[in-house]
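One structure is given below, encoded as structure tokens.
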Amino acid sequence: MAELAALEDPRARAVNERHGDDHGVNLGKLRALAKRLRTQQELARGLWATDDTAARLLALLVCRPRAFERDELDGMMRQARSPKVHDWLVNYVVKKSPHAEELRLAWSADPDPEVASAGWALTSERVAKKPEDLDLTGLLDVIEAEMKDAPDRLQWAMNNCLAQIGIEHAEHRARAVGIGERLEVLKDYPTSPGCTSPFAPVWITEMVRRRSDGKVA
């Protein structure tokens, strides 16, 4: 904790706070610290228990993802209110856990939109990498009915799932594009030059084009 305090940078905090993250540690320096510490599961649990955002990010970098129990991960998700902690917990830990599918199903139906967004993030992963037994038509039905009025984080996760269905599954592509065009979610989202818009119809079309050109494996 003393090392993390020494890494505090007011400029980094200002940037992070604009994205909802209440810490002032440069992520490159945080990763360097994690690399030096290597995997330490008990240290990770201790860091998480501090309720400090930078400490929790470090915890997610030095933990052993498969060592967490299902209920432990569920509790951690409900405590993860910083966007970066939320994202890292899903991507660096839960996706590598043997409990990922069970949590995906439970979280997707959770009344807490922050928790539900994690379920949708895990669903997007399955859509792209392991779509067997997924009801893609049913997912599109839910997205079409609920995405427009969903809270921001949940809306973003559902939109990502919509785009992944359109990109990965040609038989559902026209419907995915159509849903995006009708709902217009993230249509006006500011996008930096050279980046692809998160507006699903544009995103789907661009990724399919790149793959047909051989630019994306």
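Residues are named by chain letter and number: chains run A, B, ... in the order of the structure tokens, numbers start at 1 in each chain, and ligands are numbered from 1 in the order shown.
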Do a neighbour search on range 177-192 of chain A at 10 Å with only C-alpha atoms, toss out local chain neighbours closer than 5 positions, and write the hits as a PyMOL selection string.
chain A and resi 140-141+143-145+147-149+155-156+159+162-163+165-167+172+197-205
Residues as selected, C-alpha atoms, written as a CSV table (one decimal), in the first residue's frame, can you do that?
chain,number,residue,atom,x,y,z
A,140,LEU,CA,-31.3,-10.8,-30.2
A,141,ASP,CA,-34.9,-10.8,-28.9
A,143,ILE,CA,-31.4,-7.0,-27.0
A,144,GLU,CA,-34.1,-5.6,-29.3
A,145,ALA,CA,-36.5,-5.3,-26.4
A,147,MET,CA,-31.1,-2.4,-24.9
A,148,LYS,CA,-32.5,1.0,-25.8
A,149,ASP,CA,-33.6,1.8,-22.2
A,155,GLN,CA,-26.4,-0.9,-22.6
A,156,TRP,CA,-22.7,-0.9,-23.6
A,159,ASN,CA,-24.4,-3.5,-27.7
A,162,LEU,CA,-25.2,-7.4,-30.6
A,163,ALA,CA,-22.1,-6.5,-32.6
A,165,ILE,CA,-23.4,-11.7,-33.1
A,166,GLY,CA,-23.4,-9.7,-36.3
A,167,ILE,CA,-19.7,-10.1,-36.8
A,172,HIS,CA,-27.9,-13.4,-37.9
A,197,SER,CA,-17.4,3.4,-34.1
A,198,PRO,CA,-19.2,1.3,-31.4
A,199,PHE,CA,-22.5,1.9,-33.3
A,200,ALA,CA,-23.3,-1.7,-34.1
A,201,PRO,CA,-24.2,-1.4,-37.8
A,202,VAL,CA,-20.9,0.5,-38.5
A,203,TRP,CA,-18.9,-1.9,-36.3
A,204,ILE,CA,-20.3,-5.0,-37.8
A,205,THR,CA,-19.8,-3.8,-41.4
Contact check, range 128-182 of chain A to range 72-89 of chain A, at most 12 Å, counting only C-alpha atoms, closest pairs as CSV:
residue,atom,partner,partner_atom,distance
A:Asp152,CA,A:Pro83,CA,11.5
A:Arg153,CA,A:Pro83,CA,8.8
A:Leu154,CA,A:Pro83,CA,11.9
A:Ala157,CA,A:Asp87,CA,10.8
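Between CA of Leu105 in chain A and CA of Gly119 in chain A the interatomic distance comes to 6.7 Å.
Nearest to Arg45 in chain A of all the residues A:Leu7, A:Cys63, A:Ala170, A:Ala32 is A:Cys63, counting only C-alpha atoms.
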Using only C-alpha atoms, the residue out of A:Ala67, A:Pro111, A:Thr123, A:Gly194 with shortest distance to Lys96 in chain A is A:Ala67
For Val25 in chain A, please output as a VMD selection string all residues within 8 Å (counting only C-alpha atoms; exclusion window: fewer than 6 positions along the same chain).
chain A and resid 4 7 to 9 12 to 13 54
Resulting file, chosen residues, all heavy atoms, as an mmCIF file, in the first residue's frame:
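Produced file again16.cif, reproduced below:
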data_model
loop_
_atom_site.group_PDB
_atom_site.id
_atom_site.type_symbol
_atom_site.label_atom_id
_atom_site.label_comp_id
_atom_site.auth_asym_id
_atom_site.auth_seq_id
_atom_site.Cartn_x
_atom_site.Cartn_y
_atom_site.Cartn_z
ATOM 1 N N LEU A 4 2.023 1.783 -3.542
ATOM 2 C CA LEU A 4 0.947 2.332 -4.353
ATOM 3 C C LEU A 4 0.750 3.815 -4.055
ATOM 4 O O LEU A 4 0.531 4.618 -4.969
ATOM 5 C CB LEU A 4 -0.351 1.563 -4.097
ATOM 6 C CG LEU A 4 -0.422 0.154 -4.664
ATOM 7 C CD1 LEU A 4 -1.689 -0.552 -4.191
ATOM 8 C CD2 LEU A 4 -0.371 0.173 -6.189
ATOM 9 N N LEU A 7 3.171 5.914 -5.839
ATOM 10 C CA LEU A 7 2.943 6.003 -7.282
ATOM 11 C C LEU A 7 1.812 6.971 -7.642
ATOM 12 O O LEU A 7 1.552 7.199 -8.825
ATOM 13 C CB LEU A 7 2.611 4.611 -7.852
ATOM 14 C CG LEU A 7 3.742 3.584 -7.834
ATOM 15 C CD1 LEU A 7 3.220 2.231 -8.314
ATOM 16 C CD2 LEU A 7 4.915 4.039 -8.700
ATOM 17 N N GLU A 8 1.152 7.508 -6.637
ATOM 18 C CA GLU A 8 0.038 8.438 -6.864
ATOM 19 C C GLU A 8 0.494 9.645 -7.683
ATOM 20 O O GLU A 8 1.475 10.302 -7.360
ATOM 21 C CB GLU A 8 -0.530 8.896 -5.525
ATOM 22 C CG GLU A 8 -1.619 9.949 -5.620
ATOM 23 C CD GLU A 8 -2.965 9.405 -6.060
ATOM 24 O OE1 GLU A 8 -3.184 8.173 -5.935
ATOM 25 O OE2 GLU A 8 -3.799 10.194 -6.541
ATOM 26 N N ASP A 9 -0.227 9.918 -8.762
ATOM 27 C CA ASP A 9 0.093 11.023 -9.673
ATOM 28 C C ASP A 9 -1.183 11.839 -9.894
ATOM 29 O O ASP A 9 -2.164 11.308 -10.432
ATOM 30 C CB ASP A 9 0.600 10.451 -10.997
ATOM 31 C CG ASP A 9 0.982 11.528 -12.008
ATOM 32 O OD1 ASP A 9 0.558 12.689 -11.842
ATOM 33 O OD2 ASP A 9 1.692 11.198 -12.974
ATOM 34 N N ALA A 12 -2.542 11.622 -13.414
ATOM 35 C CA ALA A 12 -3.172 10.339 -13.710
ATOM 36 C C ALA A 12 -4.543 10.253 -13.051
ATOM 37 O O ALA A 12 -5.505 9.744 -13.645
ATOM 38 C CB ALA A 12 -2.285 9.186 -13.233
ATOM 39 N N ARG A 13 -4.637 10.772 -11.814
ATOM 40 C CA ARG A 13 -5.932 10.744 -11.138
ATOM 41 C C ARG A 13 -6.963 11.566 -11.908
ATOM 42 O O ARG A 13 -8.127 11.157 -12.043
ATOM 43 C CB ARG A 13 -5.797 11.260 -9.700
ATOM 44 C CG ARG A 13 -7.127 11.303 -8.948
ATOM 45 C CD ARG A 13 -6.956 11.620 -7.488
ATOM 46 N NE ARG A 13 -6.398 10.501 -6.747
ATOM 47 C CZ ARG A 13 -7.111 9.488 -6.259
ATOM 48 N NH1 ARG A 13 -8.421 9.445 -6.463
ATOM 49 N NH2 ARG A 13 -6.520 8.525 -5.587
ATOM 50 N N ALA A 54 -6.833 1.281 -6.585
ATOM 51 C CA ALA A 54 -5.522 0.890 -7.118
ATOM 52 C C ALA A 54 -5.097 -0.466 -6.558
ATOM 53 O O ALA A 54 -4.545 -1.305 -7.282
ATOM 54 C CB ALA A 54 -4.479 1.957 -6.784
#
